[in-house]
Amino acid sequence: MNYKLESGSIPLLNDKITAQEKVYMSLMLPFLAALIALAPMAFAGEPKFPDISPVVRTTVPAGIELGKTTEVIFRGRYLENVREIRFATPHIKAELGTHDFYELKAKLTVAPEIRPGLYAYSVITPGGVFSARIHISAIPATPETEPNNDASTAQKITLPVIIDGFIDNADYDNFRLHAEKGQTIVLDVIANRASSPLDAKLAVINERGEEIAFNEDWHLGGDPHIAFTAAEAGDFIVQVSSANEMGGKDNTYRLIAGAYANIDRIFPAGLRRNATNQIELHGQNLDSVTEALLGENHKAKILTKEPSRLVLQLDLAAGLETGPHNLYLRTEKQFAPAPFRVLVSDLAEKRISKTGTREHPEPVDLPIAVTSVLDQKRAAHFVSFKARAGERLTFKVDSMTLGYPLDAVLTIFDSTGHQIAYQDDPAQTGPKQYPEPDPRLTHTFERAGDYKVMIRDGGWTGAPDFVYRLSIQPAKPDYILEFSNPSATLFRGQANKIEVRVKRLDGWNTPVDVWLDNAPAGIEATKTTAQNKPSEYKDNCAKLQQVDGTDVELTLKVDAKAESNLYPLRIRARGVIDGQTIERTLEAVYTVNGASRIMDPSSASPLLASVTDMPAAVMQTPQDFGLTAGKTDKLKVNIDRFDEKKEPLTLKAEKLPEGVTLEAVTVPAIGGLIELKFVTAKDAKPGKYFVTLRAGETQSPKIELNIAPAEDTK
């Protein structure tokens, strides 16, 4: 999503709010608040440590084809000294090409045996590591060709196809495809999920110019998706655009189009290991499926095959890892473009088709996991169960994390109908709190008896894809050791601090010790303890908020002579509860996309730390700047200084184009916001030029100067 809200774009908080709107607000507002909170830092003069980690805003294209070598451009910042692009799978290799501050070219080679989907990668530099995802497809990709801004210039495509394109300001990309009567076409846009800032919207228009389908937010984070069945044979226009009409060369996307097998829903949404499972898939073109696989090698038996329904049998081993797994579908030609997520656990799985009401709840025996769908507006499902006096149970919903749009709310009632527990979102969101999309609560029942749990959508809406999996089981106190960034930058000769969060689960209420295990040579670390108290912070409205867990700081002292290198850090934790000692190792996770900030635990990897020298200064400049012949144009740059001498520096430009002058200015010892005055002669030649700024040893990235002709004063 683009980080701008137009007037009136945020709906009011009332019962009519849609799930997609609530997701948008809950995810975007904290991000915008974070930007507002961080904005003053640009004027603060001297933050303690600079942020010189790489950032990738987008890749061009947004995906690559399996079995091929493709040149990919990574766009962002701090990309001039990339050492390596490392993928989470050994089946993808990267060969570095040319690179500068803003752009890196690399050749990515994908083995033919890999399956389609989104794959994690890390861009590694001396200043840090950046991680994101890129799409791998079995369908060959075609570049978007302009002009294609209306139906008359729409680019003709033949299905199945993947289009790699980008959206400029007020840009509407149109593609013409043909569909036969009764043919179901599936359209999917990958943008946010592959780290593009584009908040895409998608529409289908028939030959009469009528919009027959539209979607803006389908996937978590905002990517759209449409499946439509042609009522008559003919041509259709597929239109990709920006939700706020903002764009640019970084706003890349992939449009996947075809009559391919696609999953919308799975019942039940979970599988039990060490058992024979039967699951029912709903979606499109499922009668074309010839093979279904869970993960790498768990092959399913196809029991029933229809266009919109597929029934599978899966025999799962006892040793299969619990947690989310990908389900892949294959046709005679190739794998479907993307897998679907399903959970594996030790719980008995039950599908509830006739959901319970308040008066007649659906009875279940614990422990259990039930799957159902809130397919009606103002729907509320009730499940009844028995609890013993003093019994502590954990109630957990999985929906958004599985790819469904439901914003679930949990409420527990006693036998008299009195509400005894409630949870919407597990914690407040904000600059220090990543969103927790699905509720999870633990409750201790004071008295034995019959109880009910209600599940509904937060906006009281419903849809056929509002699927949820509710698990109820005895609470097992535990904790998670989290770090919301897969890398850290450690400066030589400094006492660096990294923040780790201990998130308590299912009634954990004792302290947890945290330390760096087997510290690399030249690095010393303190040991700290996370007390049984949530950390607090003030949000941008000065309101006190609590994070979902306890944040603790580890101080890592790096010797001035420590080797400049990349180190995996093994951060450990230990806690004792009810006489049992539980140890955990931190695994860093990256966000599913930049806009939503949802963390993806399936991407877990060791924490990587780059040891490097503290720069003397960091200069923040724009990538391009416009000048007008015959005028004086002012450019503001920010310089943060970290050198010990603290002597004033002279800031000047190198290799200015003919006819452009810039007076040197003095940068004070504390640094700060500096105003530069570019004076352009009236006879300066219009065009594009590149210039760098220098202050002492610090040099800016190249700035693109665009000189416009002198304005006509007549």
# chains A, B, ... in the order shown; residues from 1 in each chain; ligands from 1
>>> select_by_dssp(residues="region 322-385 of chain A", states="strand (DSSP E)", output="ChimeraX atom specification")
/A:323-330,340-345,349-351,362-363,368-373,380-385
>>> residues_around(residues="region 71-86 of chain A", least_positions_apart="6", cutoff="6 Å", atoms="only C-alpha atoms", output="NGL selection string")
:A and (54-60 or 94 or 99-107 or 121-125)
>>> residues_around(residues="Ala560 (chain A)", least_positions_apart="3", cutoff="8 Å", atoms="only C-alpha atoms", output="MDAnalysis selection string")
chainID A and resid 492:494
>>> residues_around(residues="Pro709 (chain A)", least_positions_apart="4", cutoff="7 Å", atoms="only C-alpha atoms", output="PyMOL selection string")
chain A and resi 628-629+686
>>> closest_residue(among="A:Ser308, A:Ser196, A:Thr145, A:Asn326", to="Leu294 (chain A)", atoms="only C-alpha atoms")
A:Asn326
>>> residues_around(residues="Asp513 (chain A)", least_positions_apart="5", cutoff="6 Å", atoms="only C-alpha atoms", output="JSON list (two decimals) with N, CA and C atoms, in the first residue's frame")
[["chain", "number", "residue", "atom", "x", "y", "z"],
["A", 528, "THR", "N", 20.29, -10.61, 30.54],
["A", 528, "THR", "CA", 19.21, -9.81, 31.10],
["A", 528, "THR", "C", 18.03, -10.72, 31.41],
["A", 529, "THR", "N", 17.06, -10.17, 32.13],
["A", 529, "THR", "CA", 15.89, -10.95, 32.54],
["A", 529, "THR", "C", 14.62, -10.20, 32.17],
["A", 573, "ALA", "N", 17.05, -18.25, 25.64],
["A", 573, "ALA", "CA", 16.24, -17.85, 26.79],
["A", 573, "ALA", "C", 15.93, -19.08, 27.62],
["A", 574, "ARG", "N", 15.75, -18.84, 28.92],
["A", 574, "ARG", "CA", 15.42, -19.95, 29.82],
["A", 574, "ARG", "C", 14.45, -19.44, 30.89]]
>>> atom_distance(atom1="CA of Glu583 (chain A)", atom2="CA of Ala521 (chain A)")
24.1 Å
>>> residues_around(residues="region 454-456 of chain A", least_positions_apart="3", cutoff="6 Å", atoms="only C-alpha atoms", output="VMD selection string")
chain A and resid 380 to 382 408 to 411
